[in-house]
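**Student:** Before I ask anything, let me first share the structure, which is written out below as structure tokens.
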Amino acid sequence: MRKFFHISYYAGEPNIGKNRLLKILWSYAKFSAMVAEMSSINSHYTFQYVQPEEYRFSHDSVFLARQVYEAYAAQSVKDLNGLDLCSGCGIIGLDFLFHCQNNLGEVPQQFDFLEVQSVYEKYFLENVHRSGITNSQLRFLNMNYAELLTNDYLARYDLILCNPPYFFSGRGKLSPSEFKNRCRFYLDSDFKTLLNAIEHCLGPQGHAFVLLRDLQEHGWNSFAEARKILSPQMLLKRLPDIRGTGLVQISRAT
């Protein structure tokens, strides 16, 4: 962001008073907070979701759904098989489908929603009802993504959307809530297995869009780590960040 204030205040340099300096700093802080809030406004409203009170999704999810929809808006999507990986109550996949149905008049023929925590299923089913999505087979898969590493899921999906946990056990403060911790931390599996599962079940012409957050305080560069894990034949492309969180596109080299 461009700096709007140039501030210099040195002992013996009375070009600006201390009170004036504090006012400028306070104004700049309020302006920064306003910009941050504006970056969180969802200008493409879809429907009223239901979700657990204990852990609510961030706008990263709805912005990811819209960005991927815009990437597919110029082509037919009706023959796609899709997967919302680490789906929670289904916000990313359902938002993507909503945009497709309302703007393209068609939706992928099938979309799976994989989530390890069974508590989310009732919220997912209610969100399916509220979304009004039709002509697509929607399935809630209550399973660990490690279970994708079977022949049943080999090259199954043309499109994968994923907003996974961002934190690792031992690299962040755990909540007293096990439910919250399983949402935010890699506890049920790990980062390597996540990427191996994506590579395994991504079709020959498929694309995966994954939100990845760096943990600078722990020296963790998510893009570099992902590149180490994925096979050489997999392409890894950086896309514009979503609210400061990295977004990558994974596909197979042709």
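Letters A, B, ... go to the chains of the structure tokens in the order shown; residues in each chain start at 1; ligands are counted from 1 in the same order.
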Identify, with DSSP run on backbone atoms, the residues in range 22-158 of chain A assigned to strand (DSSP E or B), and express the list as a PyMOL selection string.
**Tutor:** chain A and resi 81-85+110-114+137-141+157-158
**Student:** Please, could you write that set of residues out with N, CA and C atoms as a CSV table (one decimal), in the first residue's frame?
**Tutor:**
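Output saved as out31.csv:
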```
chain,number,residue,atom,x,y,z
A,81,ASN,N,-16.4,-32.6,-13.1
A,81,ASN,CA,-16.6,-33.2,-11.8
A,81,ASN,C,-15.7,-32.4,-10.8
A,82,GLY,N,-16.4,-31.9,-9.7
A,82,GLY,CA,-15.7,-31.0,-8.8
A,82,GLY,C,-15.5,-31.5,-7.4
A,83,LEU,N,-14.6,-31.0,-6.7
A,83,LEU,CA,-14.4,-31.3,-5.3
A,83,LEU,C,-14.1,-30.1,-4.5
A,84,ASP,N,-14.8,-29.9,-3.4
A,84,ASP,CA,-14.5,-28.9,-2.4
A,84,ASP,C,-13.8,-29.7,-1.3
A,85,LEU,N,-12.5,-29.5,-1.2
A,85,LEU,CA,-11.6,-30.2,-0.2
A,85,LEU,C,-11.4,-29.5,1.1
A,110,GLN,N,-21.4,-32.9,-11.2
A,110,GLN,CA,-21.2,-33.5,-9.9
A,110,GLN,C,-20.2,-32.7,-9.1
A,111,PHE,N,-20.5,-32.5,-7.8
A,111,PHE,CA,-19.6,-31.8,-6.9
A,111,PHE,C,-19.6,-32.5,-5.6
A,112,ASP,N,-18.4,-33.0,-5.2
A,112,ASP,CA,-18.2,-33.6,-3.9
A,112,ASP,C,-17.7,-32.6,-2.8
A,113,PHE,N,-18.1,-32.8,-1.6
A,113,PHE,CA,-17.6,-31.9,-0.5
A,113,PHE,C,-17.0,-32.8,0.6
A,114,LEU,N,-15.7,-32.8,0.7
A,114,LEU,CA,-15.0,-33.7,1.6
A,114,LEU,C,-14.7,-32.9,2.9
A,137,GLN,N,-25.2,-33.3,-8.9
A,137,GLN,CA,-25.2,-34.3,-7.9
A,137,GLN,C,-24.2,-33.8,-6.8
A,138,LEU,N,-24.7,-33.5,-5.6
A,138,LEU,CA,-23.9,-33.0,-4.5
A,138,LEU,C,-23.8,-34.0,-3.4
A,139,ARG,N,-22.5,-34.4,-3.1
A,139,ARG,CA,-22.3,-35.4,-2.1
A,139,ARG,C,-21.4,-34.8,-0.9
A,140,PHE,N,-21.8,-35.1,0.3
A,140,PHE,CA,-21.0,-34.8,1.5
A,140,PHE,C,-20.2,-36.1,1.8
A,141,LEU,N,-18.8,-36.0,1.7
A,141,LEU,CA,-18.0,-37.1,2.0
A,141,LEU,C,-17.3,-36.9,3.3
A,157,TYR,N,-11.2,-35.9,-10.5
A,157,TYR,CA,-11.8,-34.5,-10.5
A,157,TYR,C,-11.2,-33.6,-11.5
A,158,ASP,N,-12.0,-32.8,-12.1
A,158,ASP,CA,-11.6,-31.8,-13.1
A,158,ASP,C,-11.3,-30.5,-12.4
```
**Student:** Any idea what's packed within 9 Å of Ser136 in chain A, counting only C-alpha atoms, ignoring anything in its chain fewer than 3 positions away? Could you give it as a PyMOL selection string?
**Tutor:** chain A and resi 78+97+107-111+133
**Student:** Using only C-alpha atoms, which of the listed residues (A:Ala73, A:Cys89, A:Met234, A:Leu94) sits closest to Ile250 in chain A?
**Tutor:** A:Met234
**Student:** What separation in Å, quoted to one decimal, exists between CA of Ile160 in chain A and CA of Asp79 in chain A?
**Tutor:**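 Those two atoms sit 14.2 Å apart.
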**Student:** Could you check how far CA of Ala155 in chain A sits from CA of Leu125 in chain A, in Å to one decimal?
**Tutor:**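 Atom-to-atom, CA of Ala155 in chain A to CA of Leu125 in chain A, that is 26.4 Å.
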**Student:** Considering only C-alpha atoms, state which residue in the set A:Leu235, A:Ile242, A:Met143, A:Leu195 is at the smallest distance from Val68 in chain A.
**Tutor:**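 Counting only C-alpha atoms, the residue closest to Val68 in chain A is A:Ile242.
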**Student:** How many Å separate CA of Leu194 in chain A from CA of Pro165 in chain A?
**Tutor:**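 These two atoms are separated by 10.3 Å.
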**Student:** Return the single residue from A:Tyr145, A:Ala71, A:Cys86, A:Lys237 that is closest to Ala224 in chain A, with distances computed using only C-alpha atoms.
**Tutor:**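 For Ala224 in chain A, the nearest of the candidates is A:Lys237.
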